[in-house]
file run34.txt (compact mmCIF, C-alpha atoms)
# COMPACT_ATOMS: atom_id res chain seq x y z
CA MET A 1 -80.65 6.30 175.02
CA ARG A 2 -80.82 6.71 171.24
CA GLU A 3 -82.93 4.06 169.55
CA PRO A 4 -81.34 2.07 166.69
CA ILE A 5 -82.11 2.85 163.06
CA LEU A 6 -85.01 0.71 161.83
CA ALA A 7 -84.95 -0.93 158.42
CA ILE A 8 -86.80 -3.54 156.36
CA LYS A 9 -85.03 -5.97 154.05
CA THR A 10 -86.18 -5.91 150.46
CA ASN A 11 -86.07 -9.71 150.15
CA THR A 12 -88.69 -10.34 152.87
CA TRP A 13 -92.13 -11.57 151.82
CA HIS A 14 -93.98 -8.66 153.47
CA TYR A 15 -91.85 -6.07 151.61
CA LYS A 16 -92.48 -7.93 148.34
CA TYR A 17 -96.22 -7.87 149.04
CA PHE A 18 -95.97 -4.15 149.95
CA LYS A 19 -94.29 -3.50 146.60
CA PHE A 20 -96.81 -5.75 144.78
CA ILE A 21 -99.96 -4.13 146.20
CA ARG A 22 -98.60 -0.60 145.54
CA GLY A 23 -97.73 -1.63 141.99
CA LEU A 24 -101.27 -2.87 141.39
CA TRP A 25 -102.58 0.59 142.29
CA GLY A 26 -99.89 2.35 140.23
CA LEU A 27 -97.78 3.62 143.13
CA ASP A 28 -93.98 3.58 143.25
CA VAL A 29 -92.05 2.30 146.24
CA PRO A 30 -90.22 5.08 148.17
CA LEU A 31 -86.66 4.72 149.38
CA LYS A 32 -87.91 5.09 152.95
CA THR A 33 -91.26 5.50 154.64
CA SER A 34 -92.96 5.62 158.00
CA LEU A 35 -93.98 2.37 159.64
CA CYS A 36 -97.67 3.32 159.83
CA PRO A 37 -98.13 3.85 156.05
CA TYR A 38 -96.14 0.65 155.50
CA CYS A 39 -98.65 -1.39 157.52
CA GLN A 40 -101.79 0.50 156.53
CA THR A 41 -100.95 0.42 152.82
CA MET A 42 -101.06 -3.37 152.78
CA PHE A 43 -104.31 -3.47 154.79
CA TRP A 44 -106.38 -0.74 153.13
CA PHE A 45 -105.20 -1.32 149.57
CA SER A 46 -105.91 -5.04 149.89
CA LEU A 47 -109.37 -4.30 151.31
CA ALA A 48 -110.05 -1.83 148.48
CA ALA A 49 -108.99 -4.40 145.89
CA ILE A 50 -111.40 -6.97 147.37
CA ILE A 51 -114.30 -4.48 147.51
CA ALA A 52 -113.68 -3.30 143.94
CA SER A 53 -113.03 -6.82 142.58
CA PRO A 54 -116.41 -7.05 140.72
CA LEU A 55 -115.63 -3.88 138.74
CA ILE A 56 -112.02 -5.00 138.19
CA ILE A 57 -113.07 -8.43 136.89
CA LEU A 58 -115.77 -6.88 134.72
CA GLY A 59 -113.33 -4.37 133.21
CA TRP A 60 -110.77 -7.09 132.51
CA LEU A 61 -113.37 -9.39 130.89
CA LEU A 62 -114.74 -6.57 128.72
CA THR A 63 -111.24 -5.59 127.61
CA LYS A 64 -110.46 -9.19 126.65
CA PHE A 65 -113.81 -9.59 124.90
CA ILE A 66 -113.42 -6.41 122.81
CA ARG A 67 -109.85 -7.35 121.83
CA VAL A 68 -110.95 -10.84 120.74
CA ALA A 69 -113.99 -9.44 118.89
CA TYR A 70 -111.89 -6.81 117.11
CA LYS A 71 -109.29 -9.38 116.04
CA SER A 72 -111.91 -11.93 114.96
CA CYS A 73 -113.86 -9.39 112.85
CA ALA A 74 -110.64 -8.26 111.17
CA ARG A 75 -109.66 -11.84 110.28
CA LEU A 76 -113.17 -12.74 109.05
CA GLY A 77 -113.27 -9.67 106.81
CA LEU A 78 -116.09 -7.97 108.71
CA ASN A 79 -114.66 -4.54 108.09
CA PHE A 80 -117.92 -2.76 108.83
CA MET A 81 -117.82 -4.10 112.39
CA VAL A 82 -114.21 -2.99 112.77
CA ASP A 83 -115.08 0.48 111.49
CA PHE A 84 -118.09 0.65 113.80
CA MET A 85 -116.00 -0.24 116.88
CA ASP A 86 -113.50 2.44 115.89
CA LYS A 87 -116.20 5.03 115.35
CA VAL A 88 -117.78 4.45 118.77
CA GLY A 89 -114.34 4.64 120.38
CA LEU A 90 -113.96 1.03 121.54
CA GLY A 91 -110.56 0.62 119.91
CA ASP A 92 -109.16 3.77 121.49
CA ALA A 93 -110.67 2.83 124.87
CA VAL A 94 -109.07 -0.63 124.84
CA GLU A 95 -105.68 0.80 123.83
CA PHE A 96 -105.93 3.39 126.60
CA VAL A 97 -106.83 0.74 129.21
CA THR A 98 -104.05 -1.56 127.95
CA LYS A 99 -101.38 1.15 128.22
CA LYS A 100 -102.75 2.36 131.54
CA SER A 101 -102.75 -1.20 132.91
CA GLU A 102 -98.99 -1.45 132.47
CA LYS A 103 -98.52 1.02 135.33
CA GLU A 104 -101.91 1.07 137.07
CA PRO A 105 -103.61 -2.33 136.55
CA LEU A 106 -106.40 -2.05 139.12
CA PRO A 107 -107.48 1.60 138.59
CA ALA A 108 -107.50 1.17 134.80
CA THR A 109 -109.62 -2.00 134.71
CA MET A 110 -111.88 -0.74 137.51
CA LEU A 111 -112.53 2.55 135.67
CA PHE A 112 -113.24 0.70 132.42
CA GLY A 113 -115.68 -1.63 134.19
CA PHE A 114 -117.42 1.32 135.85
CA MET A 115 -117.71 3.24 132.56
CA ALA A 116 -119.04 0.11 130.85
CA LEU A 117 -121.71 -0.25 133.53
CA LEU A 118 -122.72 3.39 133.09
CA CYS A 119 -122.92 2.99 129.30
CA VAL A 120 -125.01 -0.17 129.57
CA ALA A 121 -127.31 1.46 132.13
CA ALA A 122 -127.69 4.58 129.96
CA LEU A 123 -128.40 2.44 126.89
CA VAL A 124 -131.01 0.37 128.74
CA ILE A 125 -132.66 3.50 130.10
CA LEU A 126 -132.64 5.14 126.65
CA ILE A 127 -134.14 2.12 124.90
CA GLY A 128 -136.71 1.68 127.65
CA ALA A 129 -137.63 5.36 127.53
CA VAL A 130 -138.03 5.30 123.74
CA LEU A 131 -140.17 2.16 123.76
CA PHE A 132 -142.24 3.45 126.64
CA SER A 133 -142.71 6.80 124.89
CA ILE A 134 -143.81 5.21 121.62
CA GLY A 135 -146.28 2.95 123.37
CA PHE A 136 -147.56 5.75 125.53
CA LEU A 137 -148.10 8.09 122.58
CA ILE A 138 -149.86 5.42 120.57
CA ALA A 139 -152.20 4.68 123.47
CA ASN A 140 -152.89 8.35 124.18
CA VAL A 141 -152.62 9.99 120.77
CA GLY A 142 -155.74 12.08 121.46
CA GLU A 143 -154.34 13.58 124.64
CA ALA A 144 -150.98 14.79 123.41
CA PRO A 145 -150.35 17.65 125.87
CA GLY A 146 -151.37 15.69 128.93
CA ALA A 147 -149.58 12.59 127.64
CA LEU A 148 -146.35 14.56 127.14
CA LEU A 149 -146.55 15.86 130.67
CA ARG A 150 -147.12 12.38 132.04
CA LEU A 151 -144.26 11.10 129.88
CA LEU A 152 -141.83 13.63 131.31
CA THR A 153 -143.07 12.80 134.77
CA GLY A 154 -142.49 9.11 134.13
CA ILE A 155 -138.98 9.75 132.84
CA GLY A 156 -138.17 11.83 135.90
CA TRP A 157 -139.55 9.16 138.17
CA ALA A 158 -137.51 6.48 136.36
CA LEU A 159 -134.32 8.53 136.76
CA PHE A 160 -135.13 9.00 140.43
CA LYS A 161 -135.53 5.22 140.82
CA VAL A 162 -132.19 4.56 139.10
CA PHE A 163 -130.26 7.00 141.27
CA ALA A 164 -132.13 5.78 144.35
CA PHE A 165 -131.00 2.24 143.53
CA PHE A 166 -127.34 3.32 143.31
CA GLY A 167 -127.75 5.26 146.54
CA PHE A 168 -129.23 2.19 148.19
CA LEU A 169 -126.20 0.13 147.08
CA LEU A 170 -123.77 2.71 148.46
CA HIS A 171 -125.74 2.84 151.71
CA GLN A 172 -125.59 -0.94 152.05
CA VAL A 173 -121.83 -0.94 151.42
CA TRP A 174 -121.33 1.76 154.05
CA HIS A 175 -123.63 -0.04 156.46
CA GLY A 176 -121.69 -3.27 155.99
CA LEU A 177 -118.33 -1.57 156.59
CA HIS A 178 -119.72 0.27 159.61
CA TRP A 179 -121.12 -2.98 161.03
CA PHE A 180 -117.82 -4.78 160.48
CA PHE A 181 -115.66 -2.19 162.21
CA THR A 182 -118.10 -1.31 165.01
CA ASN A 183 -119.50 -4.74 165.86
CA GLY A 184 -118.52 -5.05 169.50
CA ALA A 185 -119.68 -8.67 169.80
CA LEU A 186 -117.55 -9.73 166.82
CA TRP A 187 -114.40 -7.98 167.97
CA SER A 188 -114.89 -9.11 171.59
CA GLU A 189 -115.08 -12.69 170.33
CA VAL A 190 -111.94 -12.18 168.27
CA ALA A 191 -110.23 -10.61 171.28
CA SER A 192 -111.29 -13.52 173.51
CA TRP A 193 -109.78 -16.02 171.07
CA LEU A 194 -106.60 -13.98 170.84
CA LEU A 195 -106.35 -13.76 174.62
CA TRP A 196 -107.00 -17.51 174.87
CA GLY A 197 -104.19 -18.22 172.42
CA LEU A 198 -101.92 -15.74 174.20
CA GLU A 199 -102.60 -17.35 177.57
CA TRP A 200 -101.87 -20.83 176.29
CA GLY A 201 -98.77 -19.62 174.46
CA LEU A 202 -97.41 -17.83 177.54
CA GLY A 203 -98.26 -20.86 179.68
CA ALA A 204 -96.40 -23.16 177.29
CA CYS A 205 -93.36 -20.84 177.26
CA VAL A 206 -93.29 -20.62 181.07
CA THR A 207 -93.70 -24.39 181.40
CA CYS A 208 -90.88 -25.11 178.94
CA PHE A 209 -88.62 -22.59 180.66
CA LEU A 210 -89.29 -24.12 184.08
CA LEU A 211 -88.61 -27.62 182.72
CA TYR A 212 -85.38 -26.35 181.19
CA LYS A 213 -84.27 -24.78 184.49
CA LEU A 214 -85.22 -28.00 186.31
CA SER A 215 -83.15 -30.07 183.92
CA GLU A 216 -80.09 -27.98 184.85
CA THR A 217 -80.34 -28.92 188.55
CA ARG A 218 -78.93 -32.05 190.17
CA LEU A 219 -82.43 -33.41 190.73
CA GLY A 220 -83.34 -32.80 187.10
CA ARG A 221 -80.22 -34.56 185.82
CA TRP A 222 -80.98 -37.50 188.10
CA VAL A 223 -84.55 -37.70 186.80
CA ILE A 224 -83.39 -37.55 183.20
CA SER A 225 -80.76 -40.20 183.84
CA SER A 226 -83.38 -42.40 185.50
CA VAL A 227 -85.89 -42.26 182.65
CA GLU A 228 -83.36 -42.72 179.83
CA LEU A 229 -83.90 -45.83 177.74
CA ARG A 230 -80.97 -48.21 178.11
CA LEU A 231 -81.13 -51.30 175.87
CA ASN A 232 -78.46 -53.99 175.81
CA GLY A 233 -76.71 -54.19 172.46
CA PHE A 234 -77.74 -50.71 171.37
CA GLY A 235 -74.18 -49.38 171.25
CA GLU A 236 -72.93 -52.48 169.47
CA ALA A 237 -75.70 -52.26 166.89
CA ARG A 238 -74.94 -48.60 166.24
CA ALA A 239 -71.25 -49.38 165.82
CA GLU A 240 -72.02 -52.13 163.29
CA ALA A 241 -74.42 -49.85 161.42
CA LYS A 242 -71.81 -47.09 161.29
CA LYS A 243 -69.20 -49.56 160.01
CA ARG A 244 -71.61 -50.82 157.34
CA ARG A 245 -72.43 -47.29 156.19
CA ASP A 246 -68.73 -46.38 156.05
CA GLU A 247 -68.02 -49.43 153.89
CA GLU A 248 -70.92 -48.58 151.55
CA ALA A 249 -69.75 -44.99 151.30
CA GLU A 250 -66.21 -46.13 150.47
CA LYS A 251 -67.49 -48.49 147.75
CA LYS A 252 -69.61 -45.69 146.31
CA ARG A 253 -66.65 -43.30 146.34
CA LEU A 254 -64.41 -45.79 144.55
CA ALA A 255 -67.14 -46.42 141.97
CA GLU A 256 -67.57 -42.69 141.37
CA GLU A 257 -63.82 -42.23 140.98
CA ALA A 258 -63.76 -45.06 138.44
CA ASN A 259 -66.74 -43.62 136.53
CA PRO A 260 -66.86 -39.87 137.25
CA LYS A 261 -70.16 -38.11 136.55
CA PRO A 262 -70.62 -34.41 135.81
CA GLN A 263 -71.41 -32.49 138.94
CA VAL A 264 -74.88 -30.95 138.91
CA GLU A 265 -75.59 -28.28 141.48
CA LYS A 266 -78.64 -29.29 143.47
CA LYS A 267 -80.82 -26.45 144.63
CA PRO A 268 -83.10 -26.91 147.61
CA CYS A 269 -86.79 -27.52 146.96
CA ILE A 270 -88.79 -24.40 146.16
CA VAL A 271 -91.08 -25.15 149.12
CA VAL A 272 -88.08 -25.37 151.48
CA ARG A 273 -86.68 -22.09 150.15
CA ALA A 274 -90.06 -20.39 150.54
CA LEU A 275 -90.40 -21.68 154.12
CA LYS A 276 -86.88 -20.45 154.96
CA ARG A 277 -87.65 -16.99 153.56
CA PHE A 278 -90.96 -16.89 155.45
CA TRP A 279 -89.34 -18.00 158.73
CA GLY A 280 -86.47 -15.52 158.31
CA GLY A 281 -88.95 -12.69 157.77
CA LEU A 282 -90.59 -13.21 161.16
CA PHE A 283 -87.72 -12.01 163.36
CA ASN A 284 -85.51 -8.92 163.55
CA GLN A 285 -81.95 -8.98 162.23
CA THR A 286 -78.98 -6.67 162.57
CA VAL A 287 -78.03 -5.00 159.29
CA ARG A 288 -75.94 -2.09 158.12
CA VAL A 289 -77.83 1.06 157.09
CA GLY A 290 -75.37 3.39 155.42
CA LYS A 291 -72.37 3.57 157.75
CA THR A 292 -74.21 2.67 160.93
CA ALA A 293 -75.79 -0.49 162.29
CA GLY A 294 -79.55 -0.87 162.16
CA VAL A 295 -82.31 -3.37 162.83
CA ALA A 296 -84.10 -5.10 159.95
CA LEU A 297 -87.64 -5.58 161.21
CA GLY A 298 -89.40 -8.91 160.91
CA VAL A 299 -93.14 -9.43 161.16
CA PHE A 300 -93.07 -9.54 164.96
CA GLY A 301 -90.84 -6.48 165.06
CA ILE A 302 -93.19 -4.57 162.74
CA ILE A 303 -96.18 -5.42 164.94
CA TRP A 304 -94.33 -4.36 168.11
CA GLU A 305 -93.07 -1.10 166.61
CA PHE A 306 -96.56 -0.35 165.25
CA ILE A 307 -98.07 -0.86 168.73
CA LYS A 308 -95.47 1.48 170.23
CA ALA A 309 -96.15 4.01 167.48
CA VAL A 310 -99.89 3.96 168.22
CA LYS A 311 -99.16 4.50 171.92
CA ARG A 312 -96.77 7.39 171.22
CA ASN A 313 -98.94 8.77 168.40
CA ALA A 314 -95.82 9.00 166.22
CA CYS A 315 -94.54 6.50 163.68
CA PRO A 316 -90.80 5.86 163.19
CA ILE A 317 -89.14 6.15 159.79
CA VAL A 318 -87.88 2.90 158.24
CA ASP A 319 -85.27 2.43 155.50
CA PHE A 320 -85.40 -0.25 152.82
CA VAL A 321 -82.09 -2.13 152.61
CA GLN A 322 -80.91 -4.78 150.20
CA GLU A 323 -79.94 -8.28 151.31
CA GLU A 324 -76.24 -8.39 152.14
CA GLN A 325 -74.40 -10.67 149.75
CA PRO A 326 -71.45 -12.78 151.00
CA SER A 327 -68.20 -11.34 149.86
CA THR A 328 -66.26 -13.50 147.36
CA PRO A 329 -62.48 -13.41 146.99
CA PRO A 330 -61.28 -11.63 143.84
CA PRO A 331 -60.25 -14.01 141.05
CA GLN A 332 -56.55 -14.79 141.01
CA PRO A 333 -54.72 -14.06 137.76
CA GLU A 334 -53.68 -17.16 135.90
CA LYS A 335 -49.95 -17.88 135.83
CA PRO A 336 -48.45 -17.73 132.36
CA PRO A 337 -47.14 -21.09 131.10
CA GLU A 338 -43.49 -21.60 131.78
CA SER A 339 -41.42 -21.44 128.60
CA ASP A 340 -39.00 -24.22 127.74
CA PRO A 341 -35.37 -23.57 128.64
CA PRO A 342 -33.24 -22.38 125.74
CA ILE A 343 -31.33 -25.06 123.88
CA ALA A 344 -27.62 -24.40 123.58
CA VAL A 345 -26.31 -24.65 120.04
CA ASN A 346 -22.74 -25.69 119.67

call {"tool": "encode", "arguments": {"input": "run34.txt", "output": "structure tokens"}}
result
Amino acid sequence: MREPILAIKTNTWHYKYFKFIRGLWGLDVPLKTSLCPYCQTMFWFSLAAIIASPLIILGWLLTKFIRVAYKSCARLGLNFMVDFMDKVGLGDAVEFVTKKSEKEPLPATMLFGFMALLCVAALVILIGAVLFSIGFLIANVGEAPGALLRLLTGIGWALFKVFAFFGFLLHQVWHGLHWFFTNGALWSEVASWLLWGLEWGLGACVTCFLLYKLSETRLGRWVISSVELRLNGFGEARAEAKKRRDEEAEKKRLAEEANPKPQVEKKPCIVVRALKRFWGGLFNQTVRVGKTAGVALGVFGIIWEFIKAVKRNACPIVDFVQEEQPSTPPPQPEKPPESDPPIAVN
């Protein structure tokens, strides 16, 4: 049996996040893709953005600071500062990052932050080396050859310490990622909670289904009829309330006809619309892909297809389809005004 064509609607929240996270890293959205890259893109690119967030924030803050400093110096007439920033390349760097950020926001700011850290580290090392060299030469002016050798040794040792520090940071990052993904106790606890939730969810579904089937039997209908609340006067009170509401509605209608107000289209609350879009994106829907029928995957459908893909070791291809718009009848041409009948002239 041929499986149906799989698709993902472009108005679902997970597709919008897929497009958003790819845009942050400067990647275009393909017309179609495999389900595995679709899921893994959102996971790994989000994780990379969180890990690189210190560099990204630093690059963004430095870019803002240089732009404000450049503009402030120009307005205050501090032309020498403006010329200095141009000579050292800060103006060109900020323009490059600004243009690059239009298409690749995260890589551009992250690279700028990383380069700024390297420049600051190099400047600190250079100043420290110069001060240390001056002090060392002054203290050992009589032992110039031996002092120079010790100075070079000290500089080499300092560089070793700097690179060892960066290596230590990379090792700690790798160790943390390795611990997170290989911590059996952590993932067993997560699995136990998931199994607990799955058991309770399945138990609730089975219980509700059994109660539903029981309510369809004669015994169930008798039980329901026996426990129904029957209060004297309830029907009469409801009839009076309905009559009162009908009279109020009629008065309101007559008042609106007497004093018509312009009709203002009321749109549902933004929270309600967001909840409807989120709820609609959870389940599969039947859509048209080209000339054939397909299945627009919801969140649950994506998870199920991803599990099947892992089992088969092959990911299906998914198409991106637009939301189908309700067809509207073509506008009817207006009838020309009827001309007055000709007047006979005697």

call {"tool": "residues_around", "arguments": {"input": "run34.txt", "residues": "range 79-96 of chain A", "least_positions_apart": "3", "cutoff": "12 Å", "atoms": "all atoms listed in the file", "output": "PyMOL selection string"}}
result
chain A and resi 59-76+99-105+108-109+111-113+115-116+119

call {"tool": "atom_distance", "arguments": {"input": "run34.txt", "atom1": "CA of Phe165 in chain A", "atom2": "CA of Leu149 in chain A"}}
result
24.3 Å

call {"tool": "atom_distance", "arguments": {"input": "run34.txt", "atom1": "CA of Lys308 in chain A", "atom2": "CA of Ala7 in chain A"}}
result
16.0 Å

call {"tool": "axis_aligned_box", "arguments": {"input": "run34.txt", "around": "range 152-156 of chain A", "padding_each_side": "4 Å", "output": "JSON"}}
result
{"center_x": -140.6, "center_y": 11.4, "center_z": 133.6, "size_x": 12.9, "size_y": 12.5, "size_z": 12.6}

call {"tool": "residues_around", "arguments": {"input": "run34.txt", "residues": "Met110 in chain A", "least_positions_apart": "4", "cutoff": "7 Å", "atoms": "only C-alpha atoms", "output": "mmCIF file with C-alpha atoms, in the coordinates of the input"}}
result
data_model
loop_
_atom_site.group_PDB
_atom_site.id
_atom_site.type_symbol
_atom_site.label_atom_id
_atom_site.label_comp_id
_atom_site.auth_asym_id
_atom_site.auth_seq_id
_atom_site.Cartn_x
_atom_site.Cartn_y
_atom_site.Cartn_z
ATOM 1 C CA LEU A 55 -115.630 -3.880 138.740
ATOM 2 C CA ILE A 56 -112.020 -5.000 138.190
ATOM 3 C CA GLY A 59 -113.330 -4.370 133.210
ATOM 4 C CA LEU A 106 -106.400 -2.050 139.120
ATOM 5 C CA PHE A 114 -117.420 1.320 135.850
#

call {"tool": "closest_residue", "arguments": {"input": "run34.txt", "among": "A:Asp319, A:Gly294, A:Cys39, A:Pro4", "to": "Phe18 in chain A", "atoms": "all atoms listed in the file"}}
result
A:Cys39

call {"tool": "residues_around", "arguments": {"input": "run34.txt", "residues": "Leu297 in chain A", "least_positions_apart": "4", "cutoff": "10 Å", "atoms": "all atoms listed in the file", "output": "number ranges by chain"}}
result
A: 6-9, 12, 281-287, 301-305, 318

call {"tool": "atom_distance", "arguments": {"input": "run34.txt", "atom1": "CA of Ile138 in chain A", "atom2": "CA of Leu123 in chain A"}}
result
22.6 Å

call {"tool": "closest_residue", "arguments": {"input": "run34.txt", "among": "A:Ile134, A:Phe278, A:Ala255, A:Ala129", "to": "Thr153 in chain A", "atoms": "all atoms listed in the file"}}
result
A:Ala129
